[in-house]
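Chemist: Please find structure-v7.pdb (PDB, C-alpha atoms) on the next line:
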```pdb
ATOM      1  CA  MET A   1       0.000   0.000   0.000
ATOM      2  CA  LYS A   2       0.982   3.647  -0.271
ATOM      3  CA  ALA A   3       1.823   5.632   2.846
ATOM      4  CA  VAL A   4       3.674   8.758   3.888
ATOM      5  CA  ARG A   5       6.368   8.138   6.495
ATOM      6  CA  PHE A   6       9.397   9.830   8.004
ATOM      7  CA  HIS A   7      12.490   7.786   8.797
ATOM      8  CA  GLU A   8      14.186  10.512  10.808
ATOM      9  CA  TYR A   9      13.018  13.665  12.548
ATOM     10  CA  GLY A  10      13.351  16.939  10.698
ATOM     11  CA  ASP A  11      11.721  19.505   8.440
ATOM     12  CA  PRO A  12       8.871  18.583   6.045
ATOM     13  CA  SER A  13      11.333  17.212   3.486
ATOM     14  CA  VAL A  14      11.784  14.074   5.632
ATOM     15  CA  LEU A  15       8.276  12.928   4.669
ATOM     16  CA  ARG A  16       8.388  10.203   2.005
ATOM     17  CA  TYR A  17       5.517   8.927  -0.116
ATOM     18  CA  GLU A  18       6.378   5.258  -0.440
ATOM     19  CA  ASP A  19       5.242   1.654  -0.667
ATOM     20  CA  VAL A  20       4.889  -0.194   2.647
ATOM     21  CA  GLU A  21       3.448  -3.506   3.722
ATOM     22  CA  GLN A  22      -0.262  -3.495   4.526
ATOM     23  CA  PRO A  23      -0.770  -4.100   8.270
ATOM     24  CA  VAL A  24      -2.748  -7.002   9.754
ATOM     25  CA  PRO A  25      -5.135  -6.383  12.663
ATOM     26  CA  GLY A  26      -4.266  -7.947  15.999
ATOM     27  CA  SER A  27      -6.495  -8.673  18.972
ATOM     28  CA  GLY A  28      -8.960  -5.833  19.586
ATOM     29  CA  GLN A  29      -7.968  -4.022  16.398
ATOM     30  CA  VAL A  30      -9.636  -3.317  13.081
ATOM     31  CA  LEU A  31      -8.053  -2.609   9.726
ATOM     32  CA  ILE A  32      -9.465   0.533   8.143
ATOM     33  CA  ARG A  33      -9.303   1.374   4.468
ATOM     34  CA  VAL A  34      -8.596   5.079   4.806
ATOM     35  CA  ALA A  35     -10.778   7.645   3.098
ATOM     36  CA  ALA A  36      -8.866  10.553   4.618
ATOM     37  CA  THR A  37      -6.901  11.889   7.512
ATOM     38  CA  SER A  38      -6.429  15.565   8.366
ATOM     39  CA  PHE A  39      -3.599  17.866   9.367
ATOM     40  CA  ASN A  40      -3.173  18.806  13.027
ATOM     41  CA  GLY A  41      -0.440  21.008  14.440
ATOM     42  CA  VAL A  42       0.829  18.145  16.579
ATOM     43  CA  ASP A  43       1.630  16.207  13.385
ATOM     44  CA  GLY A  44       4.270  18.773  12.522
ATOM     45  CA  ASN A  45       5.636  18.827  16.063
ATOM     46  CA  ILE A  46       5.977  15.030  16.133
ATOM     47  CA  ARG A  47       7.699  15.010  12.723
ATOM     48  CA  ALA A  48      10.133  17.718  13.824
ATOM     49  CA  GLY A  49      11.084  15.726  16.924
ATOM     50  CA  PHE A  50       9.658  18.203  19.438
ATOM     51  CA  MET A  51       7.378  15.613  21.085
ATOM     52  CA  GLN A  52       9.765  12.705  21.667
ATOM     53  CA  GLY A  53       9.146  12.826  25.418
ATOM     54  CA  PRO A  54       5.333  12.830  25.637
ATOM     55  CA  ILE A  55       4.719  11.062  22.281
ATOM     56  CA  PRO A  56       7.504   8.511  21.679
ATOM     57  CA  VAL A  57       6.942   7.174  18.154
ATOM     58  CA  THR A  58       8.898   4.375  16.502
ATOM     59  CA  LEU A  59      10.695   5.300  13.277
ATOM     60  CA  PRO A  60       9.809   5.063  10.473
ATOM     61  CA  HIS A  61       6.501   6.630  11.479
ATOM     62  CA  THR A  62       3.304   7.345   9.562
ATOM     63  CA  PRO A  63       1.566  10.564  10.756
ATOM     64  CA  GLY A  64      -2.154  11.318  10.792
ATOM     65  CA  ILE A  65      -4.087  11.043  14.068
ATOM     66  CA  ASP A  66      -7.529  11.556  12.516
ATOM     67  CA  VAL A  67      -9.103   8.873  10.377
ATOM     68  CA  SER A  68     -12.252   8.354   8.393
ATOM     69  CA  GLY A  69     -12.717   5.206   6.386
ATOM     70  CA  THR A  70     -14.260   1.771   5.961
ATOM     71  CA  ILE A  71     -13.534  -1.308   8.053
ATOM     72  CA  ALA A  72     -11.677  -3.813   5.876
ATOM     73  CA  ALA A  73     -10.877  -6.567   8.413
ATOM     74  CA  LEU A  74     -11.471  -7.416  12.074
ATOM     75  CA  GLY A  75      -8.948  -8.642  14.605
ATOM     76  CA  GLU A  76      -9.631 -11.311  17.179
ATOM     77  CA  GLY A  77     -12.159 -10.413  19.868
ATOM     78  CA  VAL A  78     -13.696  -7.420  18.095
ATOM     79  CA  ASP A  79     -17.439  -7.180  18.668
ATOM     80  CA  GLY A  80     -19.962  -4.592  17.535
ATOM     81  CA  PHE A  81     -18.296  -3.862  14.197
ATOM     82  CA  GLU A  82     -18.473  -5.495  10.811
ATOM     83  CA  VAL A  83     -16.508  -5.298   7.581
ATOM     84  CA  GLY A  84     -17.867  -2.522   5.384
ATOM     85  CA  ARG A  85     -18.921  -0.181   8.194
ATOM     86  CA  GLN A  86     -17.817   3.429   7.786
ATOM     87  CA  VAL A  87     -16.109   4.844  10.877
ATOM     88  CA  VAL A  88     -14.191   7.807  12.267
ATOM     89  CA  GLY A  89     -11.650   7.940  15.047
ATOM     90  CA  PHE A  90      -8.904   9.774  16.904
ATOM     91  CA  LEU A  91      -5.959   7.376  16.673
ATOM     92  CA  PRO A  92      -3.314   6.768  19.372
ATOM     93  CA  MET A  93      -0.689   9.454  18.815
ATOM     94  CA  ALA A  94       2.333   7.206  19.367
ATOM     95  CA  GLU A  95       1.200   4.580  16.838
ATOM     96  CA  ASP A  96       1.276   4.716  13.045
ATOM     97  CA  GLY A  97      -1.394   7.059  11.708
ATOM     98  CA  ALA A  98      -3.752   7.355   8.784
ATOM     99  CA  ALA A  99      -1.539   9.049   6.171
ATOM    100  CA  ALA A 100      -1.795   5.772   4.270
ATOM    101  CA  GLU A 101      -4.204   3.616   2.303
ATOM    102  CA  TYR A 102      -4.827   1.403   5.362
ATOM    103  CA  VAL A 103      -4.367   1.886   9.096
ATOM    104  CA  LEU A 104      -4.851  -0.195  12.231
ATOM    105  CA  ALA A 105      -7.062   1.187  14.985
ATOM    106  CA  PRO A 106      -8.201  -0.055  18.386
ATOM    107  CA  ALA A 107     -11.871  -0.901  17.906
ATOM    108  CA  ASP A 108     -12.852   0.877  21.115
ATOM    109  CA  ILE A 109     -11.830   4.333  19.849
ATOM    110  CA  LEU A 110     -14.055   4.242  16.771
ATOM    111  CA  ALA A 111     -17.472   5.787  16.172
ATOM    112  CA  PRO A 112     -19.854   5.450  13.218
ATOM    113  CA  ALA A 113     -19.026   7.978  10.505
ATOM    114  CA  PRO A 114     -21.501  10.805   9.893
ATOM    115  CA  THR A 115     -23.821  10.311   6.955
ATOM    116  CA  SER A 116     -24.385  14.022   6.383
ATOM    117  CA  VAL A 117     -20.975  14.680   4.800
ATOM    118  CA  ALA A 118     -18.663  12.839   2.432
ATOM    119  CA  LEU A 119     -16.668  10.144   4.212
ATOM    120  CA  ALA A 120     -13.353  11.884   3.473
ATOM    121  CA  ASP A 121     -14.634  15.145   4.966
ATOM    122  CA  ALA A 122     -15.536  13.335   8.187
ATOM    123  CA  ALA A 123     -11.794  13.226   8.970
ATOM    124  CA  ALA A 124     -12.124  16.918   9.846
ATOM    125  CA  LEU A 125     -14.084  16.079  12.998
ATOM    126  CA  PRO A 126     -12.387  13.754  15.535
ATOM    127  CA  THR A 127      -9.408  15.517  17.130
ATOM    128  CA  VAL A 128     -10.607  19.109  16.933
ATOM    129  CA  GLY A 129     -14.216  18.232  17.745
ATOM    130  CA  LEU A 130     -13.160  16.274  20.822
ATOM    131  CA  THR A 131     -10.823  19.091  21.873
ATOM    132  CA  ALA A 132     -13.658  21.617  21.767
ATOM    133  CA  TRP A 133     -16.113  19.322  23.550
ATOM    134  CA  GLN A 134     -13.732  18.328  26.339
ATOM    135  CA  ALA A 135     -12.591  21.910  26.895
ATOM    136  CA  LEU A 136     -16.108  23.296  27.220
ATOM    137  CA  PHE A 137     -17.928  20.500  29.010
ATOM    138  CA  ASP A 138     -15.448  18.140  30.704
ATOM    139  CA  HIS A 139     -13.222  20.902  32.062
ATOM    140  CA  ALA A 140     -15.091  24.230  32.004
ATOM    141  CA  LYS A 141     -18.463  22.609  32.873
ATOM    142  CA  LEU A 142     -20.161  25.175  30.642
ATOM    143  CA  ILE A 143     -23.912  25.576  31.158
ATOM    144  CA  ALA A 144     -26.673  27.651  29.618
ATOM    145  CA  GLY A 145     -26.632  31.334  30.508
ATOM    146  CA  GLN A 146     -22.895  31.561  31.076
ATOM    147  CA  ARG A 147     -20.579  33.860  29.171
ATOM    148  CA  VAL A 148     -17.588  32.325  27.402
ATOM    149  CA  LEU A 149     -14.664  33.975  25.645
ATOM    150  CA  ILE A 150     -13.075  31.819  22.935
ATOM    151  CA  ASN A 151      -9.661  33.252  22.143
ATOM    152  CA  GLY A 152      -8.508  32.096  18.709
ATOM    153  CA  ALA A 153     -11.946  31.172  17.420
ATOM    154  CA  GLY A 154     -10.909  31.391  13.773
ATOM    155  CA  GLY A 155      -9.118  28.043  13.799
ATOM    156  CA  ALA A 156     -10.491  24.540  13.397
ATOM    157  CA  VAL A 157     -11.048  23.908  17.121
ATOM    158  CA  GLY A 158     -12.545  27.370  17.493
ATOM    159  CA  GLY A 159     -15.138  26.727  14.813
ATOM    160  CA  TYR A 160     -16.471  23.723  16.703
ATOM    161  CA  ALA A 161     -16.144  25.436  20.096
ATOM    162  CA  VAL A 162     -18.260  28.398  18.994
ATOM    163  CA  GLN A 163     -20.975  26.100  17.638
ATOM    164  CA  LEU A 164     -21.024  23.868  20.715
ATOM    165  CA  ALA A 165     -21.008  26.734  23.213
ATOM    166  CA  LYS A 166     -23.824  28.514  21.398
ATOM    167  CA  SER A 167     -25.856  25.291  21.211
ATOM    168  CA  ALA A 168     -25.403  24.899  24.963
ATOM    169  CA  GLY A 169     -27.076  28.273  25.529
ATOM    170  CA  ALA A 170     -23.970  30.287  26.350
ATOM    171  CA  HIS A 171     -23.254  33.868  25.326
ATOM    172  CA  VAL A 172     -20.229  33.503  23.058
ATOM    173  CA  ILE A 173     -17.546  36.154  22.660
ATOM    174  CA  ALA A 174     -14.934  35.177  20.076
ATOM    175  CA  THR A 175     -11.638  36.655  18.969
ATOM    176  CA  ALA A 176     -10.772  36.295  15.300
ATOM    177  CA  SER A 177      -8.900  38.006  12.494
ATOM    178  CA  PRO A 178     -10.771  39.880   9.753
ATOM    179  CA  ARG A 179     -10.396  36.950   7.325
ATOM    180  CA  SER A 180     -12.254  34.577   9.665
ATOM    181  CA  ARG A 181     -14.709  37.042  11.218
ATOM    182  CA  ASP A 182     -17.649  36.136   8.988
ATOM    183  CA  ARG A 183     -17.116  32.405   9.487
ATOM    184  CA  VAL A 184     -16.938  32.800  13.270
ATOM    185  CA  LYS A 185     -20.076  34.935  13.249
ATOM    186  CA  ALA A 186     -21.863  32.343  11.115
ATOM    187  CA  ALA A 187     -20.859  29.651  13.626
ATOM    188  CA  GLY A 188     -22.909  31.482  16.249
ATOM    189  CA  ALA A 189     -20.678  33.976  18.035
ATOM    190  CA  ASP A 190     -22.669  36.748  19.714
ATOM    191  CA  GLU A 191     -19.692  39.109  19.668
ATOM    192  CA  VAL A 192     -16.505  39.005  17.589
ATOM    193  CA  VAL A 193     -13.378  40.889  18.681
ATOM    194  CA  ASP A 194     -10.790  41.650  15.985
ATOM    195  CA  HIS A 195      -7.574  40.672  17.766
ATOM    196  CA  THR A 196      -5.497  42.469  15.108
ATOM    197  CA  THR A 197      -6.827  45.859  16.190
ATOM    198  CA  THR A 198      -8.211  45.312  19.700
ATOM    199  CA  ALA A 199      -6.410  43.858  22.715
ATOM    200  CA  VAL A 200      -7.955  40.598  23.807
ATOM    201  CA  ASP A 201      -8.230  41.841  27.358
ATOM    202  CA  ALA A 202     -10.474  44.641  26.074
ATOM    203  CA  ALA A 203     -13.175  42.089  25.260
ATOM    204  CA  THR A 204     -16.502  42.479  26.981
ATOM    205  CA  ALA A 205     -16.094  41.411  30.600
ATOM    206  CA  PRO A 206     -16.702  39.666  32.865
ATOM    207  CA  VAL A 207     -17.009  36.093  31.605
ATOM    208  CA  ASP A 208     -17.433  32.745  33.332
ATOM    209  CA  VAL A 209     -15.132  30.792  31.023
ATOM    210  CA  VAL A 210     -12.139  31.598  28.847
ATOM    211  CA  LEU A 211     -11.041  29.017  26.304
ATOM    212  CA  ASN A 212      -7.609  29.898  24.954
ATOM    213  CA  LEU A 213      -6.769  28.307  21.602
ATOM    214  CA  ALA A 214      -4.153  30.835  20.496
ATOM    215  CA  PRO A 215      -0.338  30.690  20.871
ATOM    216  CA  ILE A 216      -0.113  33.950  22.784
ATOM    217  CA  GLU A 217       2.594  35.230  25.109
ATOM    218  CA  PRO A 218       2.496  34.161  28.789
ATOM    219  CA  ALA A 219       1.708  37.732  29.877
ATOM    220  CA  GLN A 220      -1.259  37.838  27.515
ATOM    221  CA  LEU A 221      -2.521  34.511  28.821
ATOM    222  CA  ALA A 222      -2.226  35.739  32.402
ATOM    223  CA  SER A 223      -4.145  38.907  31.517
ATOM    224  CA  LEU A 224      -7.135  36.797  30.477
ATOM    225  CA  LEU A 225      -7.624  35.891  34.146
ATOM    226  CA  ASP A 226      -8.760  39.475  34.803
ATOM    227  CA  LEU A 227     -11.760  38.916  32.528
ATOM    228  CA  ILE A 228     -13.027  35.926  34.490
ATOM    229  CA  GLN A 229     -15.532  36.203  37.301
ATOM    230  CA  PRO A 230     -14.676  34.713  40.720
ATOM    231  CA  GLY A 231     -15.144  30.961  40.585
ATOM    232  CA  GLY A 232     -14.644  30.837  36.828
ATOM    233  CA  VAL A 233     -12.169  28.863  34.753
ATOM    234  CA  LEU A 234      -9.518  29.327  32.070
ATOM    235  CA  VAL A 235      -8.987  26.296  29.838
ATOM    236  CA  ASN A 236      -5.776  26.430  27.818
ATOM    237  CA  THR A 237      -4.874  24.222  24.851
ATOM    238  CA  THR A 238      -1.357  25.606  24.315
ATOM    239  CA  VAL A 239       0.033  23.050  26.721
ATOM    240  CA  TRP A 240       3.670  24.115  26.357
ATOM    241  CA  MET A 241       2.618  27.188  28.394
ATOM    242  CA  PRO A 242       0.892  26.251  31.669
ATOM    243  CA  ALA A 243      -2.479  27.833  32.388
ATOM    244  CA  PRO A 244      -2.314  30.453  35.159
ATOM    245  CA  SER A 245      -4.758  30.529  38.082
ATOM    246  CA  ASP A 246      -6.013  33.183  40.500
ATOM    247  CA  GLU A 247      -6.432  31.368  43.797
ATOM    248  CA  GLN A 248      -7.607  34.458  45.680
ATOM    249  CA  ARG A 249     -10.653  34.759  43.414
ATOM    250  CA  GLY A 250     -11.109  31.025  42.920
ATOM    251  CA  VAL A 251     -10.340  31.172  39.189
ATOM    252  CA  ARG A 252      -8.919  27.842  38.027
ATOM    253  CA  GLY A 253      -6.446  27.357  35.209
ATOM    254  CA  ILE A 254      -6.645  24.034  33.364
ATOM    255  CA  ASP A 255      -4.329  22.644  30.695
ATOM    256  CA  LEU A 256      -6.200  20.490  28.204
ATOM    257  CA  TYR A 257      -4.718  17.287  26.810
ATOM    258  CA  VAL A 258      -7.312  15.908  24.405
ATOM    259  CA  ARG A 259      -8.071  12.204  24.725
ATOM    260  CA  SER A 260      -9.806   9.738  22.449
ATOM    261  CA  ASP A 261     -13.407   9.076  23.524
ATOM    262  CA  ALA A 262     -15.643   7.015  21.241
ATOM    263  CA  GLN A 263     -18.828   7.928  23.113
ATOM    264  CA  GLN A 264     -18.187  11.649  22.865
ATOM    265  CA  LEU A 265     -17.196  11.296  19.220
ATOM    266  CA  ALA A 266     -20.386   9.375  18.472
ATOM    267  CA  HIS A 267     -22.369  12.214  20.082
ATOM    268  CA  LEU A 268     -20.605  14.789  17.901
ATOM    269  CA  VAL A 269     -21.450  12.667  14.853
ATOM    270  CA  GLU A 270     -25.108  12.618  15.931
ATOM    271  CA  LEU A 271     -25.091  16.403  16.265
ATOM    272  CA  ALA A 272     -23.643  16.689  12.762
ATOM    273  CA  ASP A 273     -26.219  14.344  11.283
ATOM    274  CA  ARG A 274     -29.028  16.298  12.966
ATOM    275  CA  GLY A 275     -27.742  19.488  11.395
ATOM    276  CA  GLU A 276     -26.706  20.928  14.777
ATOM    277  CA  LEU A 277     -22.950  20.863  14.131
ATOM    278  CA  ARG A 278     -21.318  21.820  10.838
ATOM    279  CA  ILE A 279     -18.256  19.890   9.686
ATOM    280  CA  GLU A 280     -16.285  22.398   7.640
ATOM    281  CA  VAL A 281     -13.347  21.652   5.373
ATOM    282  CA  ALA A 282     -11.137  24.514   4.240
ATOM    283  CA  ARG A 283      -9.078  22.524   1.752
ATOM    284  CA  ARG A 284      -8.591  18.989   0.411
ATOM    285  CA  ILE A 285      -5.282  17.602  -0.840
ATOM    286  CA  PRO A 286      -4.116  14.174  -2.055
ATOM    287  CA  LEU A 287      -1.933  12.089   0.249
ATOM    288  CA  ALA A 288       1.060  12.441  -2.089
ATOM    289  CA  GLU A 289       1.148  16.187  -1.308
ATOM    290  CA  LEU A 290       1.381  15.810   2.474
ATOM    291  CA  SER A 291       4.989  17.032   2.618
ATOM    292  CA  ALA A 292       3.979  20.276   0.872
ATOM    293  CA  LEU A 293       1.128  20.684   3.353
ATOM    294  CA  HIS A 294       3.544  20.342   6.282
ATOM    295  CA  ALA A 295       5.736  22.970   4.618
ATOM    296  CA  ASP A 296       2.780  25.326   4.293
ATOM    297  CA  ALA A 297       1.988  24.809   7.977
ATOM    298  CA  ALA A 298       5.585  25.492   9.000
ATOM    299  CA  ALA A 299       5.513  28.727   6.965
ATOM    300  CA  GLY A 300       2.188  29.805   8.491
ATOM    301  CA  ASN A 301       0.380  29.512   5.164
ATOM    302  CA  LEU A 302      -2.479  27.194   6.090
ATOM    303  CA  PRO A 303      -6.050  28.409   5.540
ATOM    304  CA  SER A 304      -8.311  28.956   8.526
ATOM    305  CA  GLY A 305     -10.167  25.748   9.247
ATOM    306  CA  LYS A 306      -9.382  22.112   8.595
ATOM    307  CA  VAL A 307      -7.304  20.597   5.797
ATOM    308  CA  VAL A 308      -8.294  17.057   4.793
ATOM    309  CA  VAL A 309      -5.737  14.689   3.288
ATOM    310  CA  VAL A 310      -7.430  12.246   0.926
ATOM    311  CA  ALA A 311      -6.100   8.712   0.522
ATOM    312  CA  PRO A 312      -5.423   7.257  -2.944
ATOM    313  CA  ASN A 313      -8.479   5.686  -4.546
ATOM    314  CA  ALA A 314     -10.709   6.963  -1.721
TER     315      ALA A 314
END
```
Rewrite the structure from the file as structure tokens, please.
Modeler:
Amino acid sequence: MKAVRFHEYGDPSVLRYEDVEQPVPGSGQVLIRVAATSFNGVDGNIRAGFMQGPIPVTLPHTPGIDVSGTIAALGEGVDGFEVGRQVVGFLPMAEDGAAAEYVLAPADILAPAPTSVALADAAALPTVGLTAWQALFDHAKLIAGQRVLINGAGGAVGGYAVQLAKSAGAHVIATASPRSRDRVKAAGADEVVDHTTTAVDAATAPVDVVLNLAPIEPAQLASLLDLIQPGGVLVNTTVWMPAPSDEQRGVRGIDLYVRSDAQQLAHLVELADRGELRIEVARRIPLAELSALHADAAAGNLPSGKVVVVAPNA
């Protein structure tokens, strides 16, 4: 089968589009014929060697932590799935990923694929959708009537976070650049702050929750605490920079490490199929062009939103 792998850590040029042996599912695993994966920032960090401590991969390594596709074979002991079922999943980060024609996945991380979008486009949902859900509801405990500031709402996680927070009955304040303002507004934001002209800490205050999705300076992150009411929470996804807290006012800072959760993913799929959550794809590229996509990401040239990487013959 065809796959993209890197045999050593380095810049995007280490990614090779090559022939590899098709894997065979072991106990508890399924073999998925890949429709698509998607690009996540962590893919570039793993390839560059920045994540060798927390995410120790074995070289050569195939990237791609999101997968959408069709079950092609079942390993021993797998129940509840059958060959031919279309699925989505957030794959284990330290194992080979879905930048290939076939990938192995633990059966217990998979959810039925949405029927409301093309199967390849469904790869835009798992990692970023789960990040948004876990940030808002597992950690921030967001409820109807609360006010939430989503800093960096123009990205892929932000698009889902705005939709989910609005659906939960929250008042959503979002920061975004002019190029993503309309998309953020369409996702349901009640207020949009242009972070290119207005300081984030000048956003309407106070709020109950701040969700930080942007790679801002530590001082800027700390300043977001001043916007949060006593007893509120700041959830931070830029985990290389710990979330600050304000113990005197009971404001908690939480660093989010997204985890695979098939039940939550299945719920997000249901929301999408009911028309309550839009799966948006900014760009689609063939698998053979993955190295160029990594180069675009490294140069800061990715479009706002999610880029889907389509497998050969998908």
Chemist: Counting only C-alpha atoms, which residues of stretch 30-81 of chain A fall within 10 Å of stretch 7-23 of chain A, and what is the closest atom pair for each with its distance in Å at one decimal, ordered by chain and rising number, as a Markdown table?
Modeler:
```
| residue | atom | partner | partner_atom | distance |
| --- | --- | --- | --- | --- |
| A:Leu31 | CA | A:Pro23 | CA | 7.6 |
| A:Ile32 | CA | A:Pro23 | CA | 9.9 |
| A:Gly44 | CA | A:Pro12 | CA | 7.9 |
| A:Asn45 | CA | A:Gly10 | CA | 9.6 |
| A:Ile46 | CA | A:Tyr9 | CA | 8.0 |
| A:Arg47 | CA | A:Tyr9 | CA | 5.5 |
| A:Ala48 | CA | A:Gly10 | CA | 4.6 |
| A:Gly49 | CA | A:Tyr9 | CA | 5.2 |
| A:Phe50 | CA | A:Tyr9 | CA | 8.9 |
| A:Gln52 | CA | A:Tyr9 | CA | 9.7 |
| A:Thr58 | CA | A:His7 | CA | 9.2 |
| A:Leu59 | CA | A:His7 | CA | 5.4 |
| A:Pro60 | CA | A:His7 | CA | 4.2 |
| A:His61 | CA | A:His7 | CA | 6.7 |
| A:Thr62 | CA | A:Leu15 | CA | 8.9 |
| A:Pro63 | CA | A:Leu15 | CA | 9.4 |
```
Chemist: If the PyMOL selection byres ((chain A and resi 78) around 9) is run on the structure shown, which residues does it catch, given as a PyMOL selection string?
Modeler: chain A and resi 27-30+74-77+79-82+107-108
Chemist: Since we have the selection now, will you write its residues out, keeping C-alpha atoms, as a PDB file, in the frame of the given file?
Modeler:
```pdb
ATOM      1  CA  SER A  27      -6.495  -8.673  18.972  1.00  0.00           C
ATOM      2  CA  GLY A  28      -8.960  -5.833  19.586  1.00  0.00           C
ATOM      3  CA  GLN A  29      -7.968  -4.022  16.398  1.00  0.00           C
ATOM      4  CA  VAL A  30      -9.636  -3.317  13.081  1.00  0.00           C
ATOM      5  CA  LEU A  74     -11.471  -7.416  12.074  1.00  0.00           C
ATOM      6  CA  GLY A  75      -8.948  -8.642  14.605  1.00  0.00           C
ATOM      7  CA  GLU A  76      -9.631 -11.311  17.179  1.00  0.00           C
ATOM      8  CA  GLY A  77     -12.159 -10.413  19.868  1.00  0.00           C
ATOM      9  CA  ASP A  79     -17.439  -7.180  18.668  1.00  0.00           C
ATOM     10  CA  GLY A  80     -19.962  -4.592  17.535  1.00  0.00           C
ATOM     11  CA  PHE A  81     -18.296  -3.862  14.197  1.00  0.00           C
ATOM     12  CA  GLU A  82     -18.473  -5.495  10.811  1.00  0.00           C
ATOM     13  CA  ALA A 107     -11.871  -0.901  17.906  1.00  0.00           C
ATOM     14  CA  ASP A 108     -12.852   0.877  21.115  1.00  0.00           C
TER      15      ASP A 108
END
```
Chemist: Could you expand the PyMOL selection byres ((chain A and resi 310) around 10) into the explicit residues it covers here, written as a short mmCIF file (atom, residue, chain, number, x, y, z; two decimals) with C-alpha atoms, keeping the file's coordinate frame?
Modeler:
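Below is the file that was written, selection_20.cif:
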```cif
data_model
loop_
_atom_site.label_atom_id
_atom_site.label_comp_id
_atom_site.auth_asym_id
_atom_site.auth_seq_id
_atom_site.Cartn_x
_atom_site.Cartn_y
_atom_site.Cartn_z
CA VAL A 34 -8.60 5.08 4.81
CA ALA A 35 -10.78 7.64 3.10
CA ALA A 36 -8.87 10.55 4.62
CA THR A 37 -6.90 11.89 7.51
CA SER A 38 -6.43 15.56 8.37
CA SER A 68 -12.25 8.35 8.39
CA ALA A 98 -3.75 7.36 8.78
CA ALA A 99 -1.54 9.05 6.17
CA ALA A 100 -1.80 5.77 4.27
CA GLU A 101 -4.20 3.62 2.30
CA ALA A 120 -13.35 11.88 3.47
CA ASP A 121 -14.63 15.14 4.97
CA ALA A 123 -11.79 13.23 8.97
CA ARG A 284 -8.59 18.99 0.41
CA ILE A 285 -5.28 17.60 -0.84
CA PRO A 286 -4.12 14.17 -2.06
CA LEU A 287 -1.93 12.09 0.25
CA ALA A 288 1.06 12.44 -2.09
CA GLU A 289 1.15 16.19 -1.31
CA LEU A 290 1.38 15.81 2.47
CA VAL A 307 -7.30 20.60 5.80
CA VAL A 308 -8.29 17.06 4.79
CA VAL A 309 -5.74 14.69 3.29
CA ALA A 311 -6.10 8.71 0.52
CA PRO A 312 -5.42 7.26 -2.94
CA ASN A 313 -8.48 5.69 -4.55
CA ALA A 314 -10.71 6.96 -1.72
#
```
Chemist: For the structure provided, state which residues fall under the PyMOL selection byres ((chain A and resi 221) around 10), and present them as a list in words.
Modeler: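 Taken on the displayed file, the PyMOL selection byres ((chain A and resi 221) around 10) yields the residues Asn151, Val200, Asp201, Asn212, Ala214, Pro215, Ile216, Glu217, Pro218, Ala219, Gln220, Ala222, Ser223, Leu224, Leu225, Asp226, Leu234, Asn236, Met241, Pro242, Ala243 and Pro244 of chain A.
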Chemist: Using only C-alpha atoms, which residues sit within 7 Å of A:Ala156 once same-chain residues fewer than 4 positions away are excluded, as a ChimeraX atom specification?
Modeler: /A:128,160,304-306
Chemist: Okay, now the selection with C-alpha atoms, as an mmCIF file, in the coordinates of the input?
Modeler:
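Wrote it out as selection_9.cif, contents follow:
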```cif
data_model
loop_
_atom_site.group_PDB
_atom_site.id
_atom_site.type_symbol
_atom_site.label_atom_id
_atom_site.label_comp_id
_atom_site.auth_asym_id
_atom_site.auth_seq_id
_atom_site.Cartn_x
_atom_site.Cartn_y
_atom_site.Cartn_z
ATOM 1 C CA VAL A 128 -10.607 19.109 16.933
ATOM 2 C CA TYR A 160 -16.471 23.723 16.703
ATOM 3 C CA SER A 304 -8.311 28.956 8.526
ATOM 4 C CA GLY A 305 -10.167 25.748 9.247
ATOM 5 C CA LYS A 306 -9.382 22.112 8.595
#
```
Chemist: Which residue is closest to A:Val87? Choose from A:Leu277, A:Ala113, A:Leu130, A:Val67 and count only C-alpha atoms.
Modeler: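 The answer is A:Ala113, which sits nearest to A:Val87.
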